[in-house]
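**Q** Before I ask anything, here is the structure I am working with.
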Amino acid sequence: MIRDYEKHCLYIANVANCEIHESVEEKDKRIKETEKDYGKWFSYYFTQYAKVTCAWFHIAFAKLIIKYKVIFILLEWYRSAAKSVHADMGVPLFLYLAKNEMNFMLLLGETDIKAKKLLSGIQAQLQYNKRLINDYGSKFQNGDWANGDFTTVDGVKFMAIGFGVSPRGAREGANRPDYIVVDDVDTKKHVNNDRLMREAVEYINEDVFGCFDSNDNATMRFVFANNNFHKNSITNRLKTLYTTFIKKAKEEKKTTPYHILTVNAVKDLTSFEPNWKEKTSADYWKNKYKNTPLHSFMREFMNKHVEVGKIFKPEWVTYKQALPYDQYKILLGHADLSYTSTGNSKSQVLLGATDYEIHLLEVFCRTSNMTEAMDFYFNLVKKLNKQKLSALFFYDATAAQGEIYDGIYQIEAARHKCYSFPMPEHQTANKEMKIEAVLTGLFFNRRLIIAEHLKGTPDLENGLNQLFGFEKGSGLDDDFPDNLASACNLIQTNIFPEEANYTPIIGKHKRKGY
């Protein structure tokens, strides 16, 4: 770590060159102009980090911290959003150097070592950043980030400790911490331990907050930075708590020191418009999304809690060689389509039924335009026709939607020269209950089989990601499990009518329409 630190310091010294030929008046004017805008200030003094312009949310965070001397803010930012750079270095140094409003910074990391490493960023800047030294003077005096403790020439203290270590009594002379940041302390191995998570929140609200001075005019700036990847995490528990405080203050028409700044990597999973467009493009995030398991992408980059196998377990999935299509008792297709290209993912399936099993034979699951979805349908119909086979095809639509879809199917049928139309069929039961009720028993009892030739295909993988992440309130697309459940229910109605109205094997629900 020390060797890495020395390399980092050398790099800072080399890249942060400064203008030495300007007059005192020019220098003062430049500093004052730069200090008016945190984004410009950060870009000028931290060239090694500011390879692109600060994002809107970096500026928003800085403005809130600057505006309020008493603030408790949760930065619910996606991975790689530069949480540490701004919360642990940029903003506190701006408060200290540009605003002269910080006397004691306390930084808490996941472990003691990680906390000290984060603190090293500030010490390196104060010692080796030529632009900072040229404009604000040499500030570092004594101490060492490796010990988690150093002080500047004007008495400002910087201290780092591991999360859970008692910070009681932390002070420098008469000064108590006035800027406290807790950075990236949630861990996946601890989130399922309810006691540990409860005690962690208590540690923040009691031990950490207790470090602030208690007089009326005390400055208390608290920052918690982490992506929100699990519903039982410290991040999510604090978010729930802060949301309650904010709501109560709004009802009472009072101001609140609590703030939540949520930032996902992209604004939606259709356009993939990035929230930090200066750093990454929509194409970057599209590619990232395609090459990352859905549950991982949602947890790390979209602040969504997705637990794999919460209801549907991966080990329930069975693959088997499909029969020749003419040996199935019935072939049935079902589509769940959004008639705009910016809707949720579109899903289509073809099922084949034996005396006991239901086989998933063909699948379409992707975010696409209607033309692409129609190509899949009509090509599937023509594929069956070549084998002198036909299938019952349905699509989910209300009466109003049916009129729209009918027109689309007629236009596409003319283009494909294939005049086979599916029938509208609308499910009225609760969607989540239907998915769980219809599919759990079929998968668990190995009666819903996936054809071997689909294994590893992008459409099936998309569908299985939706299935394994399915949970009410997860925020994930669920078009595939919803469509598959509708198709299986129709198969049961036609082939296994005595089994069409069974209850789910997981949980109990009041039945609607089944």
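The way I read the labels, and the way they are meant: chains A, B, ... in the order of the structure tokens, residue 1 as the first residue of every chain, and ligand 1 as the first ligand shown, with later ones counted on from there.
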With only C-alpha atoms as the counted atoms, please give the residues lying no more than 12 Å from stretch 32-38 of chain A, apart from itself and same-chain residues fewer than 2 positions off, as JSON, numbers by chain.
**A** {"A": [25, 26, 27, 28, 29, 30, 40, 41, 42, 43, 44, 45, 46, 53, 54, 55, 56, 57, 58, 59, 60, 61, 62, 63, 64, 65, 66, 86, 90, 91, 92, 93, 94, 95, 96, 97, 98, 99, 100, 135, 136]}
**Q** If we count only C-alpha atoms and set the cut-off at 9 Å, which residues sit around A:Leu118, ignoring sequence neighbours fewer than 6 positions away in its own chain? Please answer as a list in words.
**A** Ser84, Val85, Asp88, Met89, Leu107, Gly109, Trp145, Ala160 and Asp183 of chain A
**Q** Taking C-alpha atoms for each residue, export the selection above as a PDB file, in the first residue's frame.
**A**
```pdb
ATOM      1  CA  SER A  84     -15.501   7.950  -3.037  1.00  0.00           C
ATOM      2  CA  VAL A  85     -13.711  10.544  -5.142  1.00  0.00           C
ATOM      3  CA  ASP A  88     -14.182  11.349   0.528  1.00  0.00           C
ATOM      4  CA  MET A  89     -11.935  13.863  -1.238  1.00  0.00           C
ATOM      5  CA  LEU A 107     -14.002   8.771   7.456  1.00  0.00           C
ATOM      6  CA  GLY A 109     -14.656   2.443   5.607  1.00  0.00           C
ATOM      7  CA  TRP A 145      -2.769   8.249   6.625  1.00  0.00           C
ATOM      8  CA  ALA A 160     -10.069   7.204   9.402  1.00  0.00           C
ATOM      9  CA  ASP A 183     -18.200   4.915   2.455  1.00  0.00           C
TER      10      ASP A 183
END
```
**Q** Using backbone DSSP assignments, extract all strand (DSSP E or B) residues from stretch 135-321 of chain A; output them as a PDB file with C-alpha atoms, in the first residue's frame.
**A**
```pdb
ATOM      1  CA  PHE A 140       0.127  19.061   5.504  1.00  0.00           C
ATOM      2  CA  GLN A 141       1.849  19.175   8.889  1.00  0.00           C
ATOM      3  CA  ASN A 142       2.112  15.850  10.712  1.00  0.00           C
ATOM      4  CA  GLY A 143       0.635  12.406  11.112  1.00  0.00           C
ATOM      5  CA  ASP A 144       0.158   9.681   8.547  1.00  0.00           C
ATOM      6  CA  ASP A 149      -4.671  10.211  11.449  1.00  0.00           C
ATOM      7  CA  PHE A 150      -3.045  13.430  10.215  1.00  0.00           C
ATOM      8  CA  THR A 151      -3.345  17.168  10.838  1.00  0.00           C
ATOM      9  CA  THR A 152      -2.792  20.272   8.706  1.00  0.00           C
ATOM     10  CA  LYS A 157      -7.773  16.988  11.459  1.00  0.00           C
ATOM     11  CA  PHE A 158      -8.398  13.990   9.174  1.00  0.00           C
ATOM     12  CA  MET A 159      -9.110  10.633  10.773  1.00  0.00           C
ATOM     13  CA  ALA A 160     -10.069   7.204   9.402  1.00  0.00           C
ATOM     14  CA  ILE A 161     -11.439   4.154  11.232  1.00  0.00           C
ATOM     15  CA  GLY A 162     -13.040   0.866  10.272  1.00  0.00           C
ATOM     16  CA  GLU A 172      -8.853  17.524  18.059  1.00  0.00           C
ATOM     17  CA  ASN A 175     -13.055  20.399  17.844  1.00  0.00           C
ATOM     18  CA  TYR A 179     -17.850  16.209   8.380  1.00  0.00           C
ATOM     19  CA  ILE A 180     -18.406  12.461   8.688  1.00  0.00           C
ATOM     20  CA  VAL A 181     -18.522  10.136   5.692  1.00  0.00           C
ATOM     21  CA  VAL A 182     -19.343   6.424   5.735  1.00  0.00           C
ATOM     22  CA  ASP A 183     -18.200   4.915   2.455  1.00  0.00           C
ATOM     23  CA  MET A 220     -23.057  18.403  11.351  1.00  0.00           C
ATOM     24  CA  ARG A 221     -22.518  17.128   7.835  1.00  0.00           C
ATOM     25  CA  PHE A 222     -23.027  13.382   7.451  1.00  0.00           C
ATOM     26  CA  VAL A 223     -22.643  11.455   4.184  1.00  0.00           C
ATOM     27  CA  PHE A 224     -23.435   7.784   3.607  1.00  0.00           C
ATOM     28  CA  ALA A 225     -22.362   6.508   0.180  1.00  0.00           C
ATOM     29  CA  TYR A 258     -32.383  14.363   5.716  1.00  0.00           C
ATOM     30  CA  HIS A 259     -31.767  13.953   1.999  1.00  0.00           C
ATOM     31  CA  ILE A 260     -31.639  11.019  -0.406  1.00  0.00           C
ATOM     32  CA  LEU A 261     -29.868  11.410  -3.734  1.00  0.00           C
ATOM     33  CA  THR A 262     -30.534   8.343  -5.882  1.00  0.00           C
ATOM     34  CA  VAL A 263     -28.645   7.863  -9.137  1.00  0.00           C
ATOM     35  CA  VAL A 266     -29.119   4.668 -16.857  1.00  0.00           C
ATOM     36  CA  PRO A 274     -26.789   7.365 -19.041  1.00  0.00           C
ATOM     37  CA  THR A 318     -34.872 -29.306 -16.414  1.00  0.00           C
ATOM     38  CA  TYR A 319     -33.613 -29.642 -19.977  1.00  0.00           C
ATOM     39  CA  LYS A 320     -34.544 -32.482 -22.288  1.00  0.00           C
TER      40      LYS A 320
END
```
**Q** For the atom pair atom CA of A:Ile113 and atom CA of A:Ser138, what is the interatomic distance in Å to one decimal place?
**A**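 Straight-line distance from atom CA of A:Ile113 to atom CA of A:Ser138 works out to 26.5 Å.
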**Q** So the first atom is atom CA of A:Asp406 and the second is atom CA of A:Ile435; what is the distance between them in Å, to one decimal place?
**A**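 Atom CA of A:Ile435 lies 26.2 Å from atom CA of A:Asp406.
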**Q** Fewer than 4 positions away in the same chain doesn't count, so skip those; otherwise give me all residues within 10 Å of A:Arg176, counting only C-alpha atoms, as number ranges by chain.
**A** A: 103-106, 157, 169-172, 210-214, 218-220
**Q** One decimal, Å: what's the distance from atom CA of A:Val438 over to atom CA of A:Ala335, could you say?
**A** 16.7 Å
**Q** Quick one: DSSP alpha helix (DSSP H) residues in stretch 84-243 of chain A, as a ChimeraX atom specification?
**A** /A:84,91-93,112-128,130-136,194-202,234-243
**Q** Using the selection just defined, write its residues with C-alpha atoms as a PDB file, in the first residue's frame.
**A**
```pdb
ATOM      1  CA  SER A  84     -15.501   7.950  -3.037  1.00  0.00           C
ATOM      2  CA  VAL A  91     -16.236  17.871  -1.471  1.00  0.00           C
ATOM      3  CA  PRO A  92     -14.449  17.839   1.922  1.00  0.00           C
ATOM      4  CA  LEU A  93     -11.381  19.542   0.434  1.00  0.00           C
ATOM      5  CA  ASP A 112      -9.685  -0.204   9.083  1.00  0.00           C
ATOM      6  CA  ILE A 113      -7.317  -0.796   6.157  1.00  0.00           C
ATOM      7  CA  LYS A 114      -9.859   0.295   3.546  1.00  0.00           C
ATOM      8  CA  ALA A 115     -10.688   3.414   5.551  1.00  0.00           C
ATOM      9  CA  LYS A 116      -7.019   4.404   5.769  1.00  0.00           C
ATOM     10  CA  LYS A 117      -6.516   3.784   2.075  1.00  0.00           C
ATOM     11  CA  LEU A 118      -9.436   6.089   1.291  1.00  0.00           C
ATOM     12  CA  LEU A 119      -7.925   8.737   3.587  1.00  0.00           C
ATOM     13  CA  SER A 120      -4.618   8.496   1.752  1.00  0.00           C
ATOM     14  CA  GLY A 121      -6.233  10.263  -1.216  1.00  0.00           C
ATOM     15  CA  ILE A 122      -6.618  13.491   0.753  1.00  0.00           C
ATOM     16  CA  GLN A 123      -3.117  13.413   2.250  1.00  0.00           C
ATOM     17  CA  ALA A 124      -1.582  12.793  -1.179  1.00  0.00           C
ATOM     18  CA  GLN A 125      -3.387  15.814  -2.611  1.00  0.00           C
ATOM     19  CA  LEU A 126      -2.401  18.119   0.253  1.00  0.00           C
ATOM     20  CA  GLN A 127       1.263  17.068   0.051  1.00  0.00           C
ATOM     21  CA  TYR A 128       1.864  16.714  -3.678  1.00  0.00           C
ATOM     22  CA  LYS A 130       1.097  21.516  -7.047  1.00  0.00           C
ATOM     23  CA  ARG A 131      -2.068  23.398  -7.987  1.00  0.00           C
ATOM     24  CA  LEU A 132      -3.503  23.130  -4.480  1.00  0.00           C
ATOM     25  CA  ILE A 133      -0.174  24.094  -2.910  1.00  0.00           C
ATOM     26  CA  ASN A 134       0.275  27.036  -5.310  1.00  0.00           C
ATOM     27  CA  ASP A 135      -3.169  28.445  -4.567  1.00  0.00           C
ATOM     28  CA  TYR A 136      -3.777  27.472  -0.931  1.00  0.00           C
ATOM     29  CA  ASP A 194     -30.686  -9.247  10.482  1.00  0.00           C
ATOM     30  CA  ARG A 195     -29.020  -8.658  13.847  1.00  0.00           C
ATOM     31  CA  LEU A 196     -25.785  -7.378  12.287  1.00  0.00           C
ATOM     32  CA  MET A 197     -27.652  -5.044   9.957  1.00  0.00           C
ATOM     33  CA  ARG A 198     -29.821  -3.699  12.775  1.00  0.00           C
ATOM     34  CA  GLU A 199     -26.767  -3.127  14.969  1.00  0.00           C
ATOM     35  CA  ALA A 200     -24.969  -1.398  12.069  1.00  0.00           C
ATOM     36  CA  VAL A 201     -27.764   1.165  11.737  1.00  0.00           C
ATOM     37  CA  GLU A 202     -27.772   1.657  15.499  1.00  0.00           C
ATOM     38  CA  ILE A 234     -27.561  -0.803   5.787  1.00  0.00           C
ATOM     39  CA  THR A 235     -28.142   1.413   2.748  1.00  0.00           C
ATOM     40  CA  ASN A 236     -31.729   0.323   2.309  1.00  0.00           C
ATOM     41  CA  ARG A 237     -32.485   0.494   6.035  1.00  0.00           C
ATOM     42  CA  LEU A 238     -31.155   4.055   6.158  1.00  0.00           C
ATOM     43  CA  LYS A 239     -33.146   4.912   3.035  1.00  0.00           C
ATOM     44  CA  THR A 240     -36.320   3.609   4.662  1.00  0.00           C
ATOM     45  CA  LEU A 241     -35.571   5.600   7.812  1.00  0.00           C
ATOM     46  CA  TYR A 242     -34.730   8.799   5.923  1.00  0.00           C
ATOM     47  CA  THR A 243     -37.810   8.424   3.719  1.00  0.00           C
TER      48      THR A 243
END
```
**Q** Could you pull the residues within 12 Å of stretch 279-281 of chain A, counting only C-alpha atoms, minus those fewer than 4 positions along the same chain, as a compact mmCIF listing (two decimals) with C-alpha atoms, in the first residue's frame?
**A**
```
# COMPACT_ATOMS: atom_id res chain seq x y z
CA TYR A 49 -9.64 12.29 -11.74
CA ALA A 50 -11.40 14.88 -13.89
CA LYS A 51 -10.82 13.13 -17.21
CA VAL A 52 -14.44 14.00 -18.02
CA THR A 53 -16.77 16.71 -16.74
CA CYS A 54 -18.40 16.20 -13.36
CA ALA A 55 -21.88 14.70 -13.57
CA TRP A 56 -25.00 16.62 -12.59
CA SER A 80 -18.44 3.49 -10.70
CA ALA A 81 -20.32 6.76 -10.09
CA ALA A 82 -17.24 8.25 -8.32
CA ALA A 265 -26.43 4.14 -14.21
CA VAL A 266 -29.12 4.67 -16.86
CA SER A 271 -32.95 3.88 -24.30
CA PHE A 272 -30.08 3.24 -21.84
CA GLU A 273 -29.61 6.99 -21.59
CA PRO A 274 -26.79 7.37 -19.04
CA ASN A 275 -26.98 9.62 -15.99
CA TRP A 285 -24.46 0.45 -20.98
CA LYS A 286 -26.38 -1.60 -23.55
CA ASN A 287 -23.35 -3.80 -23.99
CA LYS A 288 -22.82 -3.96 -20.22
```
